[in-house]
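Peer 1: This is target-v6.cif, which holds mmCIF, C-alpha atoms and all ligand atoms:
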data_model
loop_
_atom_site.group_PDB
_atom_site.id
_atom_site.type_symbol
_atom_site.label_atom_id
_atom_site.label_comp_id
_atom_site.auth_asym_id
_atom_site.auth_seq_id
_atom_site.Cartn_x
_atom_site.Cartn_y
_atom_site.Cartn_z
ATOM 1 C CA GLN K 37 -59.887 -105.577 -5.963
ATOM 2 C CA VAL K 38 -57.378 -102.791 -6.783
ATOM 3 C CA PRO K 39 -55.150 -102.031 -3.765
ATOM 4 C CA ASP K 40 -55.791 -98.663 -2.103
ATOM 5 C CA PRO K 41 -52.246 -97.262 -2.475
ATOM 6 C CA LEU K 42 -52.456 -97.852 -6.231
ATOM 7 C CA ILE K 43 -55.752 -96.001 -6.494
ATOM 8 C CA LYS K 44 -54.289 -93.151 -4.427
ATOM 9 C CA GLN K 45 -51.249 -92.950 -6.708
ATOM 10 C CA ALA K 46 -53.433 -93.018 -9.822
ATOM 11 C CA TYR K 47 -55.476 -90.089 -8.479
ATOM 12 C CA GLN K 48 -52.330 -88.156 -7.585
ATOM 13 C CA PHE K 49 -50.925 -88.713 -11.062
ATOM 14 C CA GLN K 50 -54.191 -87.650 -12.682
ATOM 15 C CA GLU K 51 -54.172 -84.499 -10.553
ATOM 16 C CA ALA K 52 -50.574 -83.707 -11.497
ATOM 17 C CA MET K 53 -51.364 -84.120 -15.212
ATOM 18 C CA MET K 54 -54.374 -81.824 -14.796
ATOM 19 C CA MET K 55 -52.078 -79.198 -13.247
ATOM 20 C CA TYR K 56 -49.642 -79.434 -16.170
ATOM 21 C CA THR K 57 -52.548 -79.110 -18.621
ATOM 22 C CA CYS K 58 -53.660 -75.940 -16.821
ATOM 23 C CA ALA K 59 -50.136 -74.525 -16.972
ATOM 24 C CA ILE K 60 -50.091 -75.157 -20.725
ATOM 25 C CA ARG K 61 -53.416 -73.336 -21.041
ATOM 26 C CA GLU K 62 -52.034 -70.299 -19.164
ATOM 27 C CA ILE K 63 -49.024 -69.991 -21.472
ATOM 28 C CA LYS K 64 -51.158 -70.566 -24.564
ATOM 29 C CA THR K 65 -53.418 -67.700 -23.515
ATOM 30 C CA LYS K 66 -50.413 -65.438 -23.081
ATOM 31 C CA LEU K 67 -49.218 -66.352 -26.576
ATOM 32 C CA GLU K 68 -52.663 -65.776 -28.099
ATOM 33 C CA VAL K 69 -52.852 -62.331 -26.484
ATOM 34 C CA LEU K 70 -49.429 -61.407 -27.887
ATOM 35 C CA ASN K 71 -50.310 -62.707 -31.337
ATOM 36 C CA ASP K 72 -53.630 -60.831 -31.426
ATOM 37 C CA GLU K 73 -52.002 -57.585 -30.327
ATOM 38 C CA LEU K 74 -49.123 -57.851 -32.799
ATOM 39 C CA SER K 75 -51.348 -58.832 -35.697
ATOM 40 C CA VAL K 76 -53.388 -55.641 -35.174
ATOM 41 C CA ARG K 77 -50.257 -53.493 -34.823
ATOM 42 C CA ASN K 78 -48.135 -54.979 -37.609
ATOM 43 C CA SER K 79 -50.797 -56.477 -39.899
ATOM 44 C CA ARG K 80 -49.194 -59.903 -39.726
ATOM 45 C CA ASN K 81 -49.057 -62.797 -37.277
ATOM 46 C CA PRO K 82 -45.634 -63.606 -35.811
ATOM 47 C CA ILE K 83 -47.012 -66.918 -34.548
ATOM 48 C CA GLU K 84 -48.223 -69.382 -37.172
ATOM 49 C CA MET K 85 -49.272 -72.146 -34.825
ATOM 50 C CA VAL K 86 -49.023 -73.377 -31.243
ATOM 51 C CA LYS K 87 -48.866 -77.085 -30.436
ATOM 52 C CA SER K 88 -48.803 -78.608 -26.982
ATOM 53 C CA ARG K 89 -48.577 -81.919 -25.207
ATOM 54 C CA VAL K 90 -48.315 -83.425 -21.769
ATOM 55 C CA LYS K 91 -45.531 -85.997 -21.681
ATOM 56 C CA LYS K 92 -46.737 -89.598 -21.825
ATOM 57 C CA PRO K 93 -46.379 -91.656 -18.585
ATOM 58 C CA LEU K 94 -43.974 -94.082 -20.270
ATOM 59 C CA SER K 95 -41.697 -91.257 -21.493
ATOM 60 C CA ILE K 96 -41.735 -89.783 -17.978
ATOM 61 C CA VAL K 97 -40.647 -93.109 -16.458
ATOM 62 C CA GLU K 98 -37.973 -93.616 -19.154
ATOM 63 C CA LYS K 99 -36.510 -90.148 -18.607
ATOM 64 C CA LEU K 100 -36.391 -90.544 -14.814
ATOM 65 C CA GLN K 101 -34.735 -93.965 -15.171
ATOM 66 C CA ARG K 102 -32.263 -92.662 -17.774
ATOM 67 C CA ARG K 103 -31.197 -89.970 -15.320
ATOM 68 C CA GLY K 104 -30.991 -92.444 -12.424
ATOM 69 C CA LEU K 105 -33.726 -90.609 -10.518
ATOM 70 C CA PRO K 106 -36.477 -92.110 -8.356
ATOM 71 C CA VAL K 107 -39.583 -92.975 -10.360
ATOM 72 C CA THR K 108 -42.068 -91.147 -8.154
ATOM 73 C CA MET K 109 -44.485 -88.284 -8.596
ATOM 74 C CA GLU K 110 -42.409 -86.001 -6.349
ATOM 75 C CA SER K 111 -39.317 -86.799 -8.381
ATOM 76 C CA MET K 112 -41.167 -86.029 -11.636
ATOM 77 C CA MET K 113 -42.420 -82.663 -10.384
ATOM 78 C CA GLU K 114 -39.041 -81.796 -8.896
ATOM 79 C CA ASN K 115 -36.734 -82.968 -11.677
ATOM 80 C CA LEU K 116 -38.516 -82.945 -15.030
ATOM 81 C CA ASP K 117 -38.931 -79.600 -16.756
ATOM 82 C CA ASP K 118 -40.679 -80.835 -19.890
ATOM 83 C CA VAL K 119 -43.720 -82.708 -18.623
ATOM 84 C CA ALA K 120 -45.734 -79.793 -19.992
ATOM 85 C CA GLY K 121 -44.497 -78.804 -23.438
ATOM 86 C CA ILE K 122 -45.509 -76.054 -25.823
ATOM 87 C CA ARG K 123 -44.188 -75.606 -29.342
ATOM 88 C CA VAL K 124 -44.535 -72.172 -30.876
ATOM 89 C CA ILE K 125 -44.148 -72.076 -34.645
ATOM 90 C CA CYS K 126 -43.159 -68.625 -35.867
ATOM 91 C CA SER K 127 -43.154 -67.166 -39.355
ATOM 92 C CA PHE K 128 -39.711 -65.553 -39.366
ATOM 93 C CA LEU K 129 -36.421 -65.915 -37.472
ATOM 94 C CA ASP K 130 -36.722 -62.573 -35.683
ATOM 95 C CA ASP K 131 -40.243 -63.451 -34.517
ATOM 96 C CA ILE K 132 -38.714 -66.211 -32.361
ATOM 97 C CA TYR K 133 -36.626 -63.763 -30.338
ATOM 98 C CA ALA K 134 -39.473 -61.215 -30.239
ATOM 99 C CA VAL K 135 -41.870 -63.806 -28.777
ATOM 100 C CA ALA K 136 -39.209 -65.043 -26.316
ATOM 101 C CA ASP K 137 -38.502 -61.446 -25.180
ATOM 102 C CA MET K 138 -42.175 -60.686 -24.735
ATOM 103 C CA LEU K 139 -42.666 -63.766 -22.559
ATOM 104 C CA THR K 140 -39.523 -62.965 -20.566
ATOM 105 C CA ARG K 141 -40.770 -59.432 -19.809
ATOM 106 C CA GLN K 142 -44.006 -60.696 -18.220
ATOM 107 C CA ASP K 143 -43.500 -60.428 -14.483
ATOM 108 C CA ASP K 144 -45.409 -63.605 -13.615
ATOM 109 C CA VAL K 145 -43.161 -65.646 -15.880
ATOM 110 C CA HIS K 146 -39.959 -66.887 -14.254
ATOM 111 C CA ILE K 147 -37.249 -67.978 -16.657
ATOM 112 C CA ILE K 148 -35.557 -71.093 -15.323
ATOM 113 C CA ALA K 149 -33.313 -71.938 -18.280
ATOM 114 C CA ILE K 150 -32.688 -71.039 -21.898
ATOM 115 C CA LYS K 151 -31.099 -73.179 -24.609
ATOM 116 C CA ASP K 152 -30.535 -71.358 -27.853
ATOM 117 C CA TYR K 153 -30.102 -74.105 -30.423
ATOM 118 C CA ILE K 154 -30.447 -71.484 -33.177
ATOM 119 C CA ARG K 155 -27.288 -69.543 -32.371
ATOM 120 C CA HIS K 156 -25.715 -72.814 -31.237
ATOM 121 C CA PRO K 157 -27.263 -75.606 -33.350
ATOM 122 C CA LYS K 158 -26.931 -79.173 -32.160
ATOM 123 C CA GLU K 159 -24.318 -81.359 -33.852
ATOM 124 C CA ASN K 160 -27.020 -83.061 -35.945
ATOM 125 C CA GLY K 161 -28.342 -79.719 -37.262
ATOM 126 C CA TYR K 162 -31.302 -79.328 -34.868
ATOM 127 C CA ARG K 163 -32.347 -75.715 -34.405
ATOM 128 C CA SER K 164 -34.894 -74.313 -31.992
ATOM 129 C CA TYR K 165 -35.082 -71.883 -29.059
ATOM 130 C CA HIS K 166 -35.902 -73.662 -25.798
ATOM 131 C CA MET K 167 -37.120 -71.943 -22.659
ATOM 132 C CA ILE K 168 -38.000 -73.545 -19.353
ATOM 133 C CA VAL K 169 -40.433 -71.196 -17.666
ATOM 134 C CA GLU K 170 -42.321 -71.300 -14.412
ATOM 135 C CA ILE K 171 -45.737 -69.712 -14.035
ATOM 136 C CA PRO K 172 -48.213 -69.501 -11.183
ATOM 137 C CA VAL K 173 -51.425 -71.443 -11.653
ATOM 138 C CA PHE K 174 -54.289 -70.612 -9.296
ATOM 139 C CA PHE K 175 -56.263 -73.612 -8.082
ATOM 140 C CA SER K 176 -59.226 -73.620 -5.669
ATOM 141 C CA ASP K 177 -57.111 -73.746 -2.532
ATOM 142 C CA ARG K 178 -53.585 -72.802 -3.567
ATOM 143 C CA LYS K 179 -51.225 -71.213 -6.009
ATOM 144 C CA LYS K 180 -48.760 -73.616 -7.614
ATOM 145 C CA TRP K 181 -45.721 -72.643 -9.657
ATOM 146 C CA MET K 182 -45.637 -74.970 -12.639
ATOM 147 C CA ARG K 183 -42.813 -75.571 -15.111
ATOM 148 C CA VAL K 184 -43.378 -75.612 -18.837
ATOM 149 C CA GLU K 185 -40.910 -76.181 -21.665
ATOM 150 C CA VAL K 186 -41.508 -73.718 -24.488
ATOM 151 C CA GLN K 187 -39.843 -74.575 -27.804
ATOM 152 C CA ILE K 188 -39.909 -71.715 -30.297
ATOM 153 C CA ARG K 189 -38.936 -72.298 -33.934
ATOM 154 C CA THR K 190 -39.736 -71.266 -37.487
ATOM 155 C CA ILE K 191 -41.973 -73.244 -39.844
ATOM 156 C CA ALA K 192 -38.831 -74.423 -41.621
ATOM 157 C CA MET K 193 -37.098 -75.566 -38.418
ATOM 158 C CA ASP K 194 -40.290 -77.360 -37.404
ATOM 159 C CA PHE K 195 -40.427 -79.098 -40.777
ATOM 160 C CA TRP K 196 -36.873 -80.407 -40.285
ATOM 161 C CA ALA K 197 -37.380 -81.385 -36.621
ATOM 162 C CA SER K 198 -40.644 -83.202 -37.332
ATOM 163 C CA LEU K 199 -39.101 -85.297 -40.085
ATOM 164 C CA ASP K 200 -35.938 -85.886 -38.044
ATOM 165 C CA HIS K 201 -38.137 -87.070 -35.169
ATOM 166 C CA GLN K 202 -40.000 -89.473 -37.490
ATOM 167 C CA LEU K 203 -36.793 -90.826 -39.005
ATOM 168 C CA LYS K 204 -35.327 -91.561 -35.588
ATOM 169 C CA TYR K 205 -38.083 -94.076 -35.020
ATOM 170 C CA LYS K 206 -37.049 -95.974 -38.179
ATOM 171 C CA LYS K 207 -34.820 -98.784 -36.964
ATOM 172 C CA GLU K 208 -31.364 -99.853 -38.089
ATOM 173 C CA VAL K 209 -29.861 -97.429 -40.534
ATOM 174 C CA GLY K 210 -26.767 -99.647 -40.459
ATOM 175 C CA ASP K 211 -23.647 -98.733 -42.439
ATOM 176 C CA SER K 212 -25.218 -95.746 -44.122
ATOM 177 C CA SER K 213 -25.899 -94.141 -40.703
ATOM 178 C CA GLU K 214 -23.061 -91.581 -40.954
ATOM 179 C CA GLU K 215 -24.056 -90.736 -44.503
ATOM 180 C CA ILE K 216 -27.670 -90.203 -43.463
ATOM 181 C CA SER K 217 -26.627 -87.995 -40.535
ATOM 182 C CA ALA K 218 -24.541 -85.896 -42.915
ATOM 183 C CA GLU K 219 -27.489 -85.590 -45.319
ATOM 184 C CA LEU K 220 -29.777 -84.484 -42.497
ATOM 185 C CA ARG K 221 -27.206 -81.962 -41.287
ATOM 186 C CA GLU K 222 -26.945 -80.586 -44.810
ATOM 187 C CA CYS K 223 -30.735 -80.274 -45.092
ATOM 188 C CA ALA K 224 -30.738 -78.382 -41.789
ATOM 189 C CA GLU K 225 -28.119 -75.971 -43.208
ATOM 190 C CA VAL K 226 -30.145 -75.338 -46.358
ATOM 191 C CA ILE K 227 -33.237 -74.717 -44.258
ATOM 192 C CA ALA K 228 -31.356 -72.304 -41.981
ATOM 193 C CA GLN K 229 -30.111 -70.357 -45.007
ATOM 194 C CA THR K 230 -33.631 -70.224 -46.434
ATOM 195 C CA ASP K 231 -34.939 -68.851 -43.126
ATOM 196 C CA GLU K 232 -32.330 -66.092 -43.291
ATOM 197 C CA ARG K 233 -33.200 -65.267 -46.897
ATOM 198 C CA MET K 234 -36.921 -65.112 -46.141
ATOM 199 C CA LEU K 235 -36.235 -62.721 -43.274
ATOM 200 C CA LYS K 236 -34.085 -60.503 -45.528
ATOM 201 C CA ILE K 237 -36.886 -60.419 -48.108
ATOM 202 C CA ARG K 238 -39.400 -59.345 -45.471
ATOM 203 C CA LEU K 239 -37.097 -56.648 -44.082
ATOM 204 C CA LYS K 240 -36.475 -55.312 -47.593
ATOM 205 C CA ILE K 241 -40.193 -55.181 -48.323
ATOM 206 C CA GLU K 242 -40.823 -53.384 -45.013
ATOM 207 C CA SER K 243 -37.981 -50.872 -45.346
ATOM 208 C CA GLU K 244 -38.746 -49.935 -48.938
ATOM 209 C CA GLY K 245 -42.524 -50.060 -48.549
ATOM 210 C CA ILE K 246 -42.713 -52.419 -51.541
ATOM 211 C CA THR K 247 -46.076 -53.875 -52.502
ATOM 212 C CA VAL K 248 -45.611 -57.365 -53.899
ATOM 213 C CA SER K 249 -48.114 -58.243 -56.624
ATOM 214 C CA LYS K 250 -50.147 -61.400 -55.991
HETATM 215 P P1 LIG V 1 -40.524 -85.143 -27.441
HETATM 216 O O1 LIG V 1 -41.178 -86.374 -27.975
HETATM 217 O O2 LIG V 1 -40.470 -84.043 -28.457
HETATM 218 O O3 LIG V 1 -41.048 -84.700 -26.131
HETATM 219 P P2 LIG V 1 -33.278 -84.745 -22.978
HETATM 220 O O4 LIG V 1 -32.706 -85.043 -24.344
HETATM 221 O O5 LIG V 1 -34.764 -84.493 -23.022
HETATM 222 O O6 LIG V 1 -32.898 -85.755 -21.958
HETATM 223 P P3 LIG V 1 -33.045 -82.013 -22.261
HETATM 224 O O7 LIG V 1 -31.915 -81.194 -21.760
HETATM 225 O O8 LIG V 1 -34.310 -82.020 -21.452
HETATM 226 O O9 LIG V 1 -32.544 -83.494 -22.453
HETATM 227 O O10 LIG V 1 -33.379 -81.718 -23.723
HETATM 228 P P4 LIG V 1 -33.314 -80.489 -24.715
HETATM 229 O O11 LIG V 1 -32.153 -80.679 -25.609
HETATM 230 O O12 LIG V 1 -33.454 -79.155 -24.064
HETATM 231 O O13 LIG V 1 -34.669 -80.717 -25.486
HETATM 232 C C1 LIG V 1 -35.312 -81.923 -25.590
HETATM 233 C C2 LIG V 1 -36.470 -81.766 -26.562
HETATM 234 O O14 LIG V 1 -36.061 -80.937 -27.662
HETATM 235 C C3 LIG V 1 -36.841 -83.100 -27.168
HETATM 236 O O15 LIG V 1 -37.845 -83.662 -26.375
HETATM 237 C C4 LIG V 1 -37.327 -82.706 -28.545
HETATM 238 O O16 LIG V 1 -38.660 -82.227 -28.514
HETATM 239 C C5 LIG V 1 -36.411 -81.555 -28.905
HETATM 240 N N1 LIG V 1 -35.161 -81.985 -29.528
HETATM 241 C C6 LIG V 1 -33.910 -81.888 -29.008
HETATM 242 N N2 LIG V 1 -33.010 -82.354 -29.864
HETATM 243 C C7 LIG V 1 -33.673 -82.766 -30.963
HETATM 244 C C8 LIG V 1 -33.248 -83.338 -32.210
HETATM 245 O O17 LIG V 1 -32.087 -83.583 -32.455
HETATM 246 N N3 LIG V 1 -34.238 -83.630 -33.105
HETATM 247 C C9 LIG V 1 -35.546 -83.392 -32.850
HETATM 248 N N4 LIG V 1 -36.427 -83.703 -33.782
HETATM 249 N N5 LIG V 1 -35.964 -82.853 -31.680
HETATM 250 C C10 LIG V 1 -35.042 -82.543 -30.749
HETATM 251 P P5 LIG V 1 -37.965 -85.217 -26.206
HETATM 252 O O18 LIG V 1 -38.460 -85.470 -24.823
HETATM 253 O O19 LIG V 1 -36.694 -85.882 -26.599
HETATM 254 O O20 LIG V 1 -39.035 -85.625 -27.237
#
Give the structure from the file, written as structure tokens.
Ligand code: 0O2
Peer 2:
Amino acid sequence: QVPDPLIKQAYQFQEAMMMYTCAIREIKTKLEVLNDELSVRNSRNPIEMVKSRVKKPLSIVEKLQRRGLPVTMESMMENLDDVAGIRVICSFLDDIYAVADMLTRQDDVHIIAIKDYIRHPKENGYRSYHMIVEIPVFFSDRKKWMRVEVQIRTIAMDFWASLDHQLKYKKEVGDSSEEISAELRECAEVIAQTDERMLKIRLKIESEGITVSK
């Protein structure tokens, strides 16, 4: 026999996760609308791909504990901004800021926080534009403002971050740890330079009306 309070908590958690999933869907729709409109106007898609996830229960508990916060549903909804996460993969550097601006201008999107790890990369080389946004989600009996973390980055930045993420799960790099960190930082630099070069190439093609042969 499962105790009643546990069942109640499980239902509440399931409901909260459903709400975060709905919030993700709302933002995804906004991004799809922008991408469709811009692809018609400019004949190219600024957004290559959108990925999303709801944070796993264990990661939620770990993060609350790490921050010394109560491990409760209320605490999660109050304190964690990244339970719902969306990753927007853009083609070019300037697309990142264009997409961020377009989201910011929408009057039902409240910007809670911005972290620009592109202009200010992390020590390890990580680059990405992070926005914490709040949007209203309309349920049967109420409107709830839900927080979503939107990470916007180029294909190249995503390539680096994905591999960095994988490598972090490899245990014990031992003595070569500093060397490996330096290597990763260097790769991030090369990638950042390549992003800039690709943007310059596109701008040159656009300004000179060049047709590139296939
Ligand atoms: P996951 O599995 O992607 O969800 P935090 O570090 O989360 O306590 P804060 O302020 O919430 O602090 O974090 P921040 O710096 O705004 O962004 C955290 C998220 O950005 C991470 O989520 C990663 O997705 C990504 N990120 C930040 N730094 C790095 C990095 O050095 N390498 C990689 N690959 N990703 C990074 P999670 O929850 O850590 O992981």
Peer 1: Skip His146 in chain K itself and residues of its chain fewer than 5 positions away, then list as a PDB file with C-alpha atoms, in the coordinates of the input all residues within 7 Å of it, counting only C-alpha atoms.
Peer 2:
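Written out: out_15.pdb:
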ATOM      1  CA  VAL K 169     -40.433 -71.196 -17.666  1.00  0.00           C
ATOM      2  CA  GLU K 170     -42.321 -71.300 -14.412  1.00  0.00           C
ATOM      3  CA  ILE K 171     -45.737 -69.712 -14.035  1.00  0.00           C
TER       4      ILE K 171
END
Peer 1: Taking the file as shown, what set of residues would the PyMOL selection byres (((not hetatm)) within 10 of (chain V and resi 1)) give back, as an MDAnalysis selection string?
Peer 2: chainID K and resid 88:92 95:96 98:100 102:103 116:123 149:153 157:168 185:187 193:204
Peer 1: Identify which of the residues K:Val97, K:Asp130, K:Ser213, K:Leu239 lies closest to Ser111 in chain K, counting all atoms listed in the file when measuring atom-to-atom distances.
Peer 2: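 Once distances to Ser111 in chain K are computed over all atoms listed in the file, the minimum belongs to K:Val97.
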Peer 1: Considering all atoms listed in the file, state which residue in the set K:Met182, K:Ile154, K:Ala192, K:Ile125 is at the smallest distance from Glu84 in chain K.
Peer 2: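 Closest to Glu84 in chain K, using all atoms listed in the file: K:Ile125.
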Peer 1: Take every atom of range 46-59 of chain K listed in the file, pad by 4 Å on each side, and give me the axis-aligned box centre and edge lengths in Å, one decimal, as AutoDock Vina command-line options.
Peer 2:
--center_x -52.6 --center_y -83.8 --center_z -13.1 --size_x 13.8 --size_y 26.5 --size_z 19.0
Peer 1: Evaluate the PyMOL selection byres (((chain K and resi 132) around 10) and not hetatm) on the structure here and hand back the selected residues as a list in words.
Peer 2: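 Taken on the displayed file, the PyMOL selection byres (((chain K and resi 132) around 10) and not hetatm) yields the residues Pro82, Ile83, Val124, Ile125, Cys126, Ser127, Phe128, Leu129, Asp130, Asp131, Tyr133, Ala134, Val135, Ala136, Asp137, Ile154, Ser164, Tyr165, Gln187, Ile188, Arg189 and Thr190 of chain K.
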Peer 1: For the file shown, report as a list in words the outcome of the PyMOL selection byres (((chain K and resi 71) around 9) and not hetatm) at residue level.
Peer 2: Lys66, Leu67, Glu68, Val69, Leu70, Asp72, Glu73, Leu74, Ser75, Val76, Arg80, Asn81, Pro82, Ile83 and Val135 of chain K
Peer 1: What does the structure give for the distance between CA of Thr65 in chain K and CA of Arg238 in chain K, in Å to one decimal?
Peer 2: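 Value for the CA of Thr65 in chain K-CA of Arg238 in chain K distance: 27.4 Å.
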